[in-house]
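With mmCIF, C-alpha atoms inside, this is model_15.cif:
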```
data_coords
loop_
_atom_site.label_atom_id
_atom_site.label_comp_id
_atom_site.auth_asym_id
_atom_site.auth_seq_id
_atom_site.Cartn_x
_atom_site.Cartn_y
_atom_site.Cartn_z
CA MET E 193 -13.57 -95.53 -134.47
CA GLN E 194 -11.76 -92.53 -135.98
CA CYS E 195 -11.17 -91.22 -132.38
CA ALA E 196 -8.80 -94.07 -131.70
CA ILE E 197 -6.05 -92.46 -133.79
CA LEU E 198 -6.66 -88.91 -132.51
CA SER E 199 -5.62 -87.25 -129.30
CA LEU E 200 -8.27 -87.03 -126.61
CA GLU E 201 -8.41 -83.27 -127.11
CA SER E 202 -8.91 -83.58 -130.86
CA CYS E 203 -11.48 -86.27 -130.33
CA GLY E 204 -13.37 -84.00 -127.97
CA ILE E 205 -13.42 -81.19 -130.57
CA VAL E 206 -14.73 -83.56 -133.25
CA MET E 207 -17.51 -84.83 -131.01
CA LYS E 208 -18.45 -81.26 -130.06
CA ASN E 209 -18.71 -80.27 -133.74
CA PHE E 210 -20.74 -83.38 -134.40
CA TRP E 211 -23.34 -82.46 -131.78
CA ILE E 212 -23.48 -78.85 -133.04
CA LEU E 213 -24.14 -80.03 -136.62
CA LEU E 214 -26.77 -82.49 -135.41
CA PHE E 215 -28.52 -79.73 -133.43
CA VAL E 216 -28.47 -77.35 -136.42
CA GLY E 217 -29.85 -80.12 -138.65
CA ILE E 218 -32.72 -80.76 -136.25
CA LEU E 219 -33.52 -77.02 -136.16
CA SER E 220 -33.46 -76.79 -139.97
CA VAL E 221 -35.83 -79.76 -140.29
CA ASN E 222 -38.17 -78.14 -137.77
CA ALA E 223 -37.86 -74.87 -139.71
CA VAL E 224 -39.35 -76.57 -142.79
CA PHE E 225 -42.43 -77.48 -140.85
CA ALA E 226 -42.60 -73.97 -139.48
CA ARG E 227 -42.76 -72.38 -142.98
CA ASP E 228 -45.62 -69.90 -143.50
CA TYR E 229 -47.47 -71.53 -146.37
CA ALA E 230 -49.98 -68.70 -146.56
CA LYS E 231 -47.11 -66.31 -147.29
CA LEU E 232 -45.79 -68.76 -149.85
CA GLN E 233 -49.16 -68.84 -151.60
CA GLU E 234 -49.32 -65.06 -151.56
CA LYS E 235 -45.93 -64.92 -153.27
CA GLU E 236 -46.88 -67.55 -155.83
CA MET E 237 -50.11 -65.78 -156.72
CA LYS E 238 -48.10 -62.67 -157.57
CA HIS E 239 -46.29 -64.79 -160.15
CA ALA E 240 -49.63 -66.09 -161.39
CA GLN E 241 -50.70 -62.54 -162.25
CA LYS E 242 -47.89 -62.48 -164.80
CA TYR E 243 -47.79 -66.08 -166.01
CA GLY E 244 -51.39 -67.28 -165.52
CA THR E 245 -52.88 -68.61 -168.76
CA THR E 246 -56.57 -67.71 -168.38
CA ASN E 247 -56.05 -63.97 -168.63
CA LYS E 248 -53.72 -64.48 -171.58
CA TYR E 249 -56.29 -66.66 -173.35
CA PHE E 250 -58.93 -63.94 -173.08
CA GLU E 251 -56.50 -61.11 -173.71
CA ASN E 252 -57.86 -60.88 -177.23
CA GLU E 253 -61.07 -59.38 -175.80
CA ASN E 254 -59.10 -56.61 -174.10
CA ILE E 255 -57.11 -55.90 -177.25
CA SER E 256 -60.29 -55.91 -179.34
CA ASN E 257 -62.01 -53.44 -177.00
CA LYS E 258 -58.92 -51.24 -176.93
CA VAL E 259 -58.72 -51.11 -180.74
CA ASN E 260 -62.42 -50.32 -181.08
CA LYS E 261 -62.22 -47.54 -178.52
CA GLU E 262 -59.34 -45.99 -180.45
CA LEU E 263 -61.55 -45.43 -183.51
CA PRO E 264 -62.50 -41.77 -183.81
CA VAL E 265 -66.25 -41.28 -183.35
CA ASN E 266 -68.28 -38.23 -184.36
CA ILE E 267 -71.92 -39.13 -183.79
CA ASN E 268 -73.19 -35.91 -185.37
CA PHE E 269 -71.32 -36.45 -188.62
CA GLU E 270 -73.16 -38.31 -191.37
CA ILE E 271 -71.28 -40.93 -193.33
CA LYS E 272 -72.54 -41.25 -196.89
CA ASP E 273 -72.24 -44.81 -198.11
CA PRO E 274 -74.50 -45.83 -201.01
CA LYS E 275 -72.71 -49.22 -201.11
CA LEU E 276 -71.29 -48.68 -204.60
CA LEU E 277 -67.70 -49.71 -203.97
CA LYS E 278 -67.38 -53.39 -204.84
CA LEU E 279 -63.82 -54.57 -204.42
CA ASP E 280 -64.24 -57.71 -206.50
CA SER E 281 -66.35 -58.99 -209.38
CA TYR E 282 -69.35 -60.87 -207.97
CA GLU E 283 -73.11 -60.85 -207.61
CA LYS E 284 -75.02 -61.30 -204.36
CA ILE E 285 -76.67 -64.72 -204.47
CA ASN E 286 -80.33 -65.03 -203.54
CA SER E 287 -80.58 -66.79 -200.16
CA LEU E 288 -83.12 -69.35 -201.45
CA ASP E 289 -80.95 -70.21 -204.45
CA LEU E 290 -77.91 -70.57 -202.20
CA LYS E 291 -79.81 -72.81 -199.78
CA LYS E 292 -80.89 -75.05 -202.67
CA LYS E 293 -77.29 -75.29 -203.91
CA ILE E 294 -76.00 -76.16 -200.43
CA THR E 295 -78.68 -78.87 -200.07
CA GLU E 296 -77.58 -80.41 -203.38
CA ASP E 297 -73.95 -80.28 -202.30
CA GLU E 298 -74.75 -82.03 -199.01
CA VAL E 299 -75.86 -85.12 -200.93
CA VAL E 300 -72.39 -85.35 -202.48
CA TYR E 301 -70.73 -84.64 -199.12
CA SER E 302 -72.71 -87.51 -197.57
CA GLN E 303 -71.30 -89.95 -200.11
CA ILE E 304 -67.77 -88.65 -199.50
CA HIS E 305 -68.28 -89.03 -195.75
CA LYS E 306 -69.27 -92.68 -196.09
CA SER E 307 -66.28 -93.43 -198.30
CA LEU E 308 -63.69 -91.59 -196.23
CA CYS E 309 -64.88 -92.88 -192.86
CA LYS E 310 -64.70 -96.53 -193.85
CA ARG E 311 -60.99 -96.57 -193.18
CA THR E 312 -58.32 -95.37 -190.82
CA ILE E 313 -55.34 -93.53 -192.20
CA ASP E 314 -51.88 -94.56 -191.06
CA ASN E 315 -49.96 -91.51 -189.98
CA TYR E 316 -46.60 -92.24 -188.36
CA ASP E 317 -47.48 -93.76 -184.97
CA ALA E 318 -51.03 -92.44 -185.05
CA GLN E 319 -54.14 -93.93 -186.55
CA ALA E 320 -55.92 -90.80 -187.75
CA LYS E 321 -59.57 -91.63 -188.19
CA GLY E 322 -61.42 -90.96 -191.40
CA GLU E 323 -63.86 -88.87 -189.36
CA ASP E 324 -61.05 -86.48 -188.42
CA TYR E 325 -59.95 -86.21 -192.02
CA TYR E 326 -63.52 -85.63 -193.12
CA LYS E 327 -63.75 -82.66 -190.76
CA ILE E 328 -60.49 -81.23 -192.12
CA TYR E 329 -61.67 -81.91 -195.67
CA ARG E 330 -64.95 -80.03 -195.17
CA ILE E 331 -63.22 -76.96 -193.69
CA ALA E 332 -60.43 -76.85 -196.26
CA GLU E 333 -62.76 -77.61 -199.20
CA ARG E 334 -65.01 -74.73 -198.17
CA ILE E 335 -62.05 -72.37 -198.03
CA ILE E 336 -60.78 -73.61 -201.40
CA ARG E 337 -64.11 -73.24 -203.19
CA SER E 338 -65.06 -69.88 -201.68
CA ASN E 339 -61.66 -68.41 -202.62
CA LYS E 340 -61.23 -70.02 -206.07
CA LEU E 341 -58.21 -71.98 -204.93
CA ASP E 342 -59.14 -75.13 -206.83
CA TYR E 343 -56.52 -74.66 -209.53
CA LEU E 344 -54.34 -77.36 -207.97
CA ASN E 345 -54.62 -80.33 -205.61
CA TRP E 346 -54.30 -79.44 -201.92
CA ARG E 347 -52.77 -82.04 -199.59
CA ILE E 348 -53.48 -82.09 -195.86
CA GLY E 349 -52.02 -84.37 -193.21
CA ILE E 350 -52.55 -84.85 -189.48
CA TYR E 351 -49.35 -85.96 -187.79
CA ARG E 352 -48.78 -87.24 -184.27
CA ASP E 353 -47.37 -84.66 -181.87
CA THR E 354 -49.19 -84.46 -178.56
CA GLU E 355 -46.82 -81.94 -176.98
CA ASN E 356 -46.05 -79.24 -179.54
CA PHE E 357 -48.97 -77.12 -180.73
CA ASN E 358 -48.09 -76.65 -184.37
CA ALA E 359 -49.05 -76.65 -188.01
CA TYR E 360 -46.88 -75.97 -191.02
CA SER E 361 -46.94 -75.85 -194.80
CA THR E 362 -44.34 -76.93 -197.32
CA GLY E 363 -44.03 -76.46 -201.03
CA MET E 364 -47.08 -74.86 -202.59
CA ASN E 365 -49.87 -77.16 -201.48
CA TYR E 366 -49.09 -79.33 -198.44
CA ILE E 367 -50.42 -78.51 -194.98
CA ALA E 368 -49.60 -80.57 -191.89
CA ILE E 369 -51.49 -80.22 -188.61
CA ALA E 370 -50.22 -81.65 -185.33
CA THR E 371 -52.66 -83.77 -183.34
CA SER E 372 -52.18 -81.35 -180.45
CA ALA E 373 -53.50 -78.46 -182.56
CA TYR E 374 -56.29 -80.49 -184.13
CA ASP E 375 -57.49 -81.96 -180.83
CA THR E 376 -57.39 -78.59 -179.07
CA PHE E 377 -59.80 -77.09 -181.60
CA SER E 378 -61.63 -80.19 -182.81
CA ASN E 379 -64.91 -78.59 -181.70
CA ASN E 380 -64.12 -75.14 -183.12
CA ASP E 381 -64.30 -75.21 -186.91
CA ASP E 382 -63.73 -71.44 -187.07
CA ALA E 383 -60.36 -71.77 -185.33
CA LEU E 384 -59.34 -74.70 -187.54
CA ALA E 385 -60.34 -72.59 -190.56
CA MET E 386 -58.05 -69.79 -189.35
CA LEU E 387 -55.27 -72.34 -188.80
CA ILE E 388 -55.64 -73.88 -192.28
CA GLY E 389 -56.09 -70.42 -193.82
CA HIS E 390 -52.87 -69.24 -192.18
CA GLU E 391 -50.89 -72.09 -193.75
CA MET E 392 -52.56 -71.55 -197.12
CA GLY E 393 -51.67 -67.88 -196.75
CA HIS E 394 -47.98 -68.75 -196.45
CA ALA E 395 -48.21 -70.73 -199.69
CA LEU E 396 -50.21 -68.11 -201.59
CA LEU E 397 -47.94 -65.24 -200.55
CA GLY E 398 -44.82 -67.12 -201.63
CA HIS E 399 -43.29 -67.25 -198.17
CA GLN E 400 -41.56 -70.60 -198.65
CA GLN E 401 -39.70 -69.37 -201.71
CA ARG E 402 -38.85 -66.07 -200.02
CA SER E 403 -37.49 -67.83 -196.91
CA THR E 404 -35.53 -70.39 -198.95
CA THR E 405 -33.81 -67.63 -200.92
CA THR E 406 -32.71 -65.88 -197.73
CA LEU E 407 -31.61 -69.12 -196.04
CA ASN E 408 -29.52 -70.06 -199.08
CA ASN E 409 -27.81 -66.66 -198.91
CA LEU E 410 -27.24 -67.16 -195.17
CA GLU E 411 -25.52 -70.48 -195.76
CA LYS E 412 -23.34 -68.97 -198.48
CA TYR E 413 -22.21 -66.14 -196.17
CA ARG E 414 -21.68 -68.61 -193.31
CA GLN E 415 -19.35 -70.74 -195.40
CA LEU E 416 -17.36 -67.68 -196.51
CA ALA E 417 -17.16 -66.47 -192.91
CA LEU E 418 -15.82 -69.87 -191.78
CA ALA E 419 -13.15 -69.52 -194.47
CA GLY E 420 -11.99 -66.30 -192.80
CA ASN E 421 -13.82 -63.67 -194.87
CA SER E 422 -14.50 -60.86 -192.38
CA ILE E 423 -16.89 -59.00 -194.73
CA ALA E 424 -18.91 -62.19 -195.12
CA SER E 425 -19.14 -62.44 -191.31
CA LEU E 426 -20.69 -58.98 -191.13
CA THR E 427 -22.99 -59.73 -194.06
CA TYR E 428 -24.05 -62.99 -192.41
CA ALA E 429 -25.00 -61.18 -189.20
CA ALA E 430 -26.97 -58.51 -191.09
CA THR E 431 -28.72 -61.09 -193.29
CA LYS E 432 -29.67 -63.22 -190.28
CA ARG E 433 -31.17 -60.19 -188.57
CA LYS E 434 -33.13 -59.37 -191.72
CA TYR E 435 -34.29 -62.98 -191.96
CA LEU E 436 -35.67 -62.94 -188.41
CA ILE E 437 -37.48 -59.65 -189.07
CA ASP E 438 -38.85 -60.87 -192.41
CA SER E 439 -39.97 -64.17 -190.90
CA LYS E 440 -42.01 -62.39 -188.24
CA ASN E 441 -43.53 -60.07 -190.84
CA MET E 442 -44.50 -63.10 -192.92
CA GLU E 443 -46.31 -64.58 -189.89
CA TYR E 444 -48.26 -61.34 -189.46
CA ALA E 445 -49.14 -61.37 -193.17
CA ALA E 446 -50.20 -65.06 -193.10
CA ASP E 447 -52.45 -64.40 -190.09
CA ILE E 448 -54.26 -61.67 -192.05
CA GLU E 449 -54.36 -63.59 -195.33
CA GLY E 450 -55.68 -66.65 -193.47
CA ALA E 451 -58.37 -64.55 -191.79
CA LYS E 452 -59.43 -63.18 -195.19
CA LEU E 453 -59.66 -66.71 -196.62
CA ALA E 454 -61.72 -67.87 -193.64
CA ALA E 455 -64.00 -64.81 -193.83
CA LYS E 456 -64.78 -65.49 -197.50
CA ALA E 457 -65.66 -69.05 -196.51
CA GLY E 458 -68.17 -67.66 -194.01
CA TYR E 459 -66.29 -68.60 -190.83
CA ASP E 460 -66.69 -66.52 -187.68
CA LEU E 461 -63.46 -64.61 -187.04
CA ASP E 462 -64.52 -63.83 -183.46
CA LYS E 463 -64.32 -67.56 -182.76
CA GLY E 464 -61.45 -68.20 -185.15
CA VAL E 465 -59.08 -65.81 -183.37
CA GLU E 466 -59.08 -68.22 -180.42
CA VAL E 467 -56.26 -70.08 -182.17
CA ILE E 468 -54.01 -67.02 -181.65
CA SER E 469 -55.37 -66.58 -178.12
CA PHE E 470 -54.27 -70.13 -177.36
CA LEU E 471 -50.78 -69.39 -178.66
CA ASN E 472 -50.71 -66.48 -176.21
CA THR E 473 -50.89 -68.95 -173.30
CA LEU E 474 -47.75 -70.78 -174.44
CA PRO E 475 -44.21 -69.76 -173.44
CA GLN E 476 -43.20 -66.57 -175.23
CA TYR E 477 -39.64 -66.00 -176.34
CA VAL E 478 -37.51 -62.91 -176.88
CA GLU E 479 -38.62 -61.87 -180.35
CA ARG E 480 -35.24 -60.75 -181.63
CA ARG E 481 -33.89 -64.28 -181.23
CA VAL E 482 -36.67 -66.24 -182.96
CA ASP E 483 -38.44 -66.24 -186.32
CA HIS E 484 -42.01 -65.93 -184.96
CA PRO E 485 -43.59 -62.90 -183.27
CA ASN E 486 -45.05 -63.34 -179.81
CA ALA E 487 -48.76 -64.07 -179.73
CA ARG E 488 -49.77 -60.79 -178.09
CA HIS E 489 -48.32 -58.89 -181.04
CA ARG E 490 -50.12 -61.27 -183.39
CA LEU E 491 -53.40 -60.47 -181.64
CA GLU E 492 -52.71 -56.75 -181.92
CA ASN E 493 -51.90 -57.23 -185.62
CA PHE E 494 -55.15 -59.13 -186.18
CA TYR E 495 -57.41 -56.57 -184.51
CA ASP E 496 -55.63 -53.57 -186.00
CA ASN E 497 -56.06 -55.01 -189.52
CA ARG E 498 -59.59 -56.24 -188.91
CA LYS E 499 -60.78 -52.63 -188.69
CA TYR E 500 -60.15 -52.49 -192.43
CA PHE E 501 -61.68 -55.84 -193.40
CA ILE E 502 -64.75 -55.85 -195.65
CA GLU E 503 -66.24 -58.99 -194.13
CA ASP E 504 -69.72 -58.42 -195.54
CA GLN E 505 -68.39 -58.25 -199.09
CA TRP E 506 -65.98 -61.12 -198.53
CA LYS E 507 -68.82 -63.34 -197.31
CA ASP E 508 -70.89 -62.45 -200.38
CA ILE E 509 -67.90 -63.17 -202.65
CA GLY E 510 -67.43 -66.56 -200.99
CA GLU E 511 -71.10 -67.47 -201.42
CA PHE E 512 -70.95 -66.42 -205.07
CA ASN E 513 -67.91 -68.64 -205.64
CA ILE E 514 -69.45 -71.63 -203.85
CA TYR E 515 -72.71 -71.22 -205.77
CA ASN E 516 -70.80 -71.29 -209.05
CA SER E 517 -68.60 -74.29 -208.23
CA ALA E 518 -68.97 -78.01 -207.65
CA VAL E 519 -68.02 -80.11 -204.62
CA LEU E 520 -64.35 -81.04 -204.79
CA PRO E 521 -63.52 -84.76 -204.56
CA VAL E 522 -61.09 -86.07 -201.95
CA LYS E 523 -58.95 -89.19 -201.84
CA LEU E 524 -56.37 -90.86 -199.66
CA SER E 525 -52.90 -89.64 -200.62
CA SER E 526 -50.35 -91.97 -202.16
CA ASP E 527 -48.31 -91.66 -198.95
CA ARG E 528 -51.28 -93.05 -196.98
CA LYS E 529 -50.65 -90.37 -194.37
CA SER E 530 -52.71 -87.50 -195.76
CA ILE E 531 -55.63 -86.64 -198.00
CA VAL E 532 -55.72 -84.91 -201.37
CA ILE E 533 -58.51 -82.46 -202.22
CA ASN E 534 -58.61 -82.69 -205.99
CA SER E 535 -58.79 -79.81 -208.41
CA LEU E 536 -61.56 -79.99 -211.01
CA GLY E 537 -59.39 -77.97 -213.38
CA ASN E 538 -62.27 -76.63 -215.43
CA SER E 539 -62.03 -72.86 -214.93
CA PRO E 540 -60.07 -70.29 -216.95
CA SER E 541 -56.89 -69.12 -215.24
CA GLU E 542 -58.16 -65.52 -215.09
CA SER E 543 -60.79 -66.51 -212.54
CA TYR E 544 -58.43 -68.07 -210.02
CA TYR E 545 -57.62 -66.55 -206.65
CA ARG E 546 -54.82 -64.04 -206.42
CA PRO E 547 -53.67 -62.06 -203.39
CA GLU E 548 -54.82 -58.46 -203.28
CA THR E 549 -53.03 -56.15 -205.70
CA MET E 550 -51.70 -52.88 -204.34
CA GLU E 551 -54.58 -51.21 -206.16
CA ASP E 552 -57.12 -53.40 -204.33
CA LEU E 553 -55.40 -52.86 -200.99
CA TYR E 554 -55.27 -49.07 -201.34
CA LEU E 555 -58.94 -48.87 -202.27
CA ARG E 556 -60.01 -51.13 -199.39
CA PHE E 557 -57.99 -49.13 -196.89
CA ALA E 558 -59.24 -45.81 -198.31
CA TYR E 559 -62.85 -46.97 -198.09
CA LYS E 560 -62.60 -48.44 -194.58
CA TYR E 561 -60.65 -45.46 -193.24
CA TYR E 562 -63.52 -43.32 -194.48
CA ILE E 563 -66.18 -45.56 -192.92
CA ASN E 564 -64.21 -45.57 -189.64
CA ARG E 565 -64.02 -41.75 -189.76
CA GLU E 566 -60.26 -41.73 -190.14
CA PHE E 567 -60.60 -39.14 -192.88
CA ARG E 568 -56.97 -37.98 -193.19
CA LYS E 569 -55.76 -41.55 -193.66
CA SER E 570 -58.56 -42.16 -196.15
CA ASP E 571 -57.43 -39.16 -198.20
CA GLU E 572 -53.86 -40.50 -198.18
CA TYR E 573 -54.93 -43.90 -199.49
CA PHE E 574 -57.30 -42.50 -202.11
CA ASN E 575 -54.33 -40.54 -203.47
CA LYS E 576 -52.24 -43.75 -203.57
CA TYR E 577 -55.08 -45.54 -205.35
CA PHE E 578 -55.55 -42.83 -207.97
CA ASP E 579 -51.84 -43.01 -208.78
CA LEU E 580 -52.56 -46.55 -209.99
CA ASN E 581 -56.14 -46.28 -211.24
CA GLY E 582 -57.84 -43.13 -212.47
CA SER E 583 -60.83 -44.78 -214.14
CA ASN E 584 -63.08 -45.74 -211.20
CA PRO E 585 -65.96 -43.23 -210.87
CA PHE E 586 -67.17 -44.66 -207.57
CA ALA E 587 -63.73 -44.29 -206.01
CA TYR E 588 -63.80 -40.59 -206.96
CA LEU E 589 -67.30 -40.30 -205.48
CA TYR E 590 -66.12 -41.66 -202.12
CA ALA E 591 -62.98 -39.54 -202.25
CA SER E 592 -65.28 -36.53 -202.69
CA TYR E 593 -67.38 -37.62 -199.70
CA ASN E 594 -64.19 -37.97 -197.65
CA ALA E 595 -62.80 -34.57 -198.67
CA ASP E 596 -66.19 -33.06 -197.77
CA ALA E 597 -65.89 -34.58 -194.30
CA ILE E 598 -62.43 -33.09 -193.75
CA TYR E 599 -63.69 -29.67 -194.92
CA VAL E 600 -66.67 -29.77 -192.53
CA LEU E 601 -64.43 -30.72 -189.60
CA THR E 602 -61.51 -28.36 -190.37
CA LYS E 603 -63.02 -25.55 -192.49
CA ASN E 604 -59.94 -25.88 -194.71
CA LYS E 605 -61.13 -24.69 -198.13
CA SER E 606 -58.48 -26.68 -199.96
CA TYR E 607 -60.48 -29.83 -199.10
CA LEU E 608 -63.66 -28.26 -200.45
CA GLN E 609 -61.81 -27.75 -203.73
CA LYS E 610 -60.51 -31.33 -203.53
CA SER E 611 -64.07 -32.57 -203.11
CA LYS E 612 -65.09 -30.65 -206.25
CA ASP E 613 -62.15 -31.99 -208.24
CA TYR E 614 -62.94 -35.57 -207.26
CA ILE E 615 -66.67 -35.40 -208.05
CA ASN E 616 -66.01 -33.64 -211.34
CA LYS E 617 -63.78 -36.55 -212.37
CA ALA E 618 -66.46 -39.01 -211.26
CA TYR E 619 -69.08 -37.11 -213.28
CA ARG E 620 -66.93 -37.16 -216.42
CA LEU E 621 -66.59 -40.93 -216.06
CA ASP E 622 -70.25 -41.62 -215.23
CA ASN E 623 -72.88 -38.86 -215.38
CA LYS E 624 -75.80 -41.28 -215.21
CA ASN E 625 -75.36 -42.59 -211.67
CA LYS E 626 -77.79 -40.84 -209.33
CA TYR E 627 -75.38 -40.69 -206.38
CA ILE E 628 -72.66 -39.11 -208.51
CA LYS E 629 -75.14 -36.61 -209.94
CA GLU E 630 -76.42 -35.79 -206.44
CA GLN E 631 -72.90 -35.18 -205.06
CA TYR E 632 -71.99 -33.22 -208.21
CA ASP E 633 -74.98 -30.89 -207.75
CA ASN E 634 -74.35 -30.47 -204.01
CA VAL E 635 -70.67 -29.59 -204.36
CA ASN E 636 -71.03 -27.34 -207.40
CA LEU E 637 -73.82 -25.12 -206.07
#
```

The structure in this file should be written as C-alpha cells.
Amino acid sequence: MQCAILSLESCGIVMKNFWILLFVGILSVNAVFARDYAKLQEKEMKHAQKYGTTNKYFENENISNKVNKELPVNINFEIKDPKLLKLDSYEKINSLDLKKKITEDEVVYSQIHKSLCKRTIDNYDAQAKGEDYYKIYRIAERIIRSNKLDYLNWRIGIYRDTENFNAYSTGMNYIAIATSAYDTFSNNDDALAMLIGHEMGHALLGHQQRSTTTLNNLEKYRQLALAGNSIASLTYAATKRKYLIDSKNMEYAADIEGAKLAAKAGYDLDKGVEVISFLNTLPQYVERRVDHPNARHRLENFYDNRKYFIEDQWKDIGEFNIYNSAVLPVKLSSDRKSIVINSLGNSPSESYYRPETMEDLYLRFAYKYYINREFRKSDEYFNKYFDLNGSNPFAYLYASYNADAIYVLTKNKSYLQKSKDYINKAYRLDNKNKYIKEQYDNVNL
C-alpha cells in the first residue's frame, strides 16, 4: 500500500481525506435521486414555449390573421369595380368546355402513367419509383402548361437525402428535390407545387446568373486581398455583405414568383404555404451570416404580398393556357436519375411566359391597393403606371374611382380635380364604354 512509504501521521491524513471524499460522493449520488423532476419539467416547458415546433408550424395562421386585420376597412364606403382591368390577354373558358378538355387530357395522362410506372429510376443510392416521378410530373406539367413555360425541356430529379429538407435548381431548367422534402409533402400537391414553383421562379428571374456574377467578383476580390491589397479586402467585405442581402431578397422573390406560378395552375395557396410553415420549425440562423432569410420573415413576405395577388384572374389565365395547349410528354433523362418534361416547341415566342414587367406590377398593385381600400398607395402606383403607359382607358377609370374615394374621405378638392382629369383622359381614349361614360357624367356634373 501507498501508506507503507508515508509517515503514520501522513497516512492518517490521507485516510481521513479518503473517507471525506467517499462521504461526499455518497451524498452527491443521493442528491441525484432527490432531484425535483417536476421543477425540471416546469423549466423545460418554458424552453418549449420558445422552441416548440407545433406553434411555429401554425404560425402562418397568426401572421395571416394579423395581415388581414391590418387592412383598412370602411364598411360604409362603396368600392366600384366593374371588373374591367384585365392584367393579361386571355378569355374565360366555359366550365363545360374546360371539363371536356381535361377529360381528353386524362386519357393521355393515363398512358403516360402506365409507361412511367413500369420502371424504377436509379437515383444515387435511392430507387425512386416511377409513381413518385409521375406525381412530380403531373404537378410540374400543370405549372408549365398553365404558365406557358413549355418553350424548353424541364428536368426534375428526386435525390436521396433523408436528413436535410431541401430543393434546389441549377442552370435554367433543372430542379432537384430531396427525398426528405418530397416525402414530407407527398400527400400535399399544393405544397409540392409551391416548392417546384419556387425553384422555377429562381430560374425565370435569372437568380443563378445574378448570384454567379457576384460570386465571381467575390473570388476576384478575395484573391487580391490575399495578395495584400487592402482596398480589395474592404471591397470583398462590402461585396459579401451585399451578396448575403441580395441572396435573401432573391429567396423572397422566388417565394412570390413560385406562388404566382402555382396560383395560375389552380393550386390552393392556403395549403401550399405549409411548405414555408414547415421550414419555420427547423433551426433558424442569424440572418446576417447566411444567404437565406428565416422562415418567419418568409411567411410575413408571403402574406404581405398575397394581399396584392389577383388569384381569380391568375386561375382564369391558367385555365385558358391549359385549354389551348396539349399534354406535354415526359421521358426518363439520359442520366437515368431524373425525368425530362419535353417542350412541344410549336408556339410563337411572343406567347411564352415572362415575369411581370414594371408596368404590369404597378397596375396590379394600384388596382389591389384600391380594392383593399389603401387609397393613398393606390394613387401612388397609378401615377407610376401612367409614367410608363398612358393609353389604358380602364386604368384611368379606376384611378378616377380611387381619387374620388380619397376626396370623399378627406374633402381635399385637389383629389376631386384629379378624379376629373383621370376620367377625362379615359373618355378621350374610349367614349363608348358605359362605365367610363357613367363616371364621366358623375364627375363632370

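A straight line drawn from atom CA of Arg488 of chain E to atom CA of Phe501 of chain E is 20.0 Å long.
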
Result set, the PyMOL selection byres ((chain E and resi 466) around 12) on current file, as a PyMOL selection string: chain E and resi 248-253+373+376-377+379-387+451+460-465+467-473+487+490-491+494

Output of the PyMOL selection byres ((chain E and resi 636) around 10), listed as a ChimeraX atom specification: /E:609,611-612,615-616,631-635,637

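Listed by chain and then by number, the residues chosen by the PyMOL selection byres ((chain E and resi 334) around 9) in this file are Tyr329, Arg330, Ile331, Ala332, Glu333, Ile335, Ile336, Arg337, Ser338, Asn339, Ala454, Ala457, Gly458, Gly510, Ile514 and Val519 of chain E.
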
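Distance annotation: of E:Ser535, E:Asn623, E:Asn260, E:Ser439, the residue with the minimal separation from Glu492 of chain E is E:Asn260; atom set is all atoms listed in the file.
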
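Atom CA of Asp324 of chain E to atom CA of Gly389 of chain E spans 17.7 Å [interatomic distance, one decimal].
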
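Relative to atom CA of Asn441 of chain E, atom CA of Asn409 of chain E is found at 18.9 Å.
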
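Across E:Gln401, E:Ser287, E:Ser378, E:Asn408, the tightest approach to Met364 of chain E is made by E:Gln401 when counting only C-alpha atoms.
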
Nearest candidate to Asn594 of chain E (options E:Arg402, E:Arg620, E:Arg480, E:Lys272; using all atoms listed in the file): E:Lys272

Output as lines of an AutoDock Vina configuration file the centre and edge lengths (Å, one decimal) of the box along x, y and z of the file that holds every listed atom of segment 531-537 of chain E after adding 4 Å on each side.
```
center_x = -58.6
center_y = -82.3
center_z = -205.7
size_x = 13.9
size_y = 16.7
size_z = 23.4
```

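Considering the residues E:His239, E:Ile531, E:Asn286, E:Ser403 and counting only C-alpha atoms, Asn365 of chain E has its shortest atom-to-atom contact with E:Ile531.
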
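Nearest-residue note for Ile509 of chain E: choosing from E:Leu288, E:Ile598, E:Val532, E:Leu279, the minimum distance belongs to E:Leu279, counting only C-alpha atoms.
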
For Asn497 of chain E, the nearest of the candidates E:Leu520, E:Ile304, E:Ile448, E:Leu277, counting only C-alpha atoms: E:Ile448

Residue contacts of Ile369 of chain E (8 Å, all atoms listed in the file) excluding same-chain residues fewer than 3 positions away, as a list in words: Ile348, Gly349, Ile350, Tyr351, Asn358, Ala359, Tyr360, Ala373 and Tyr374 of chain E
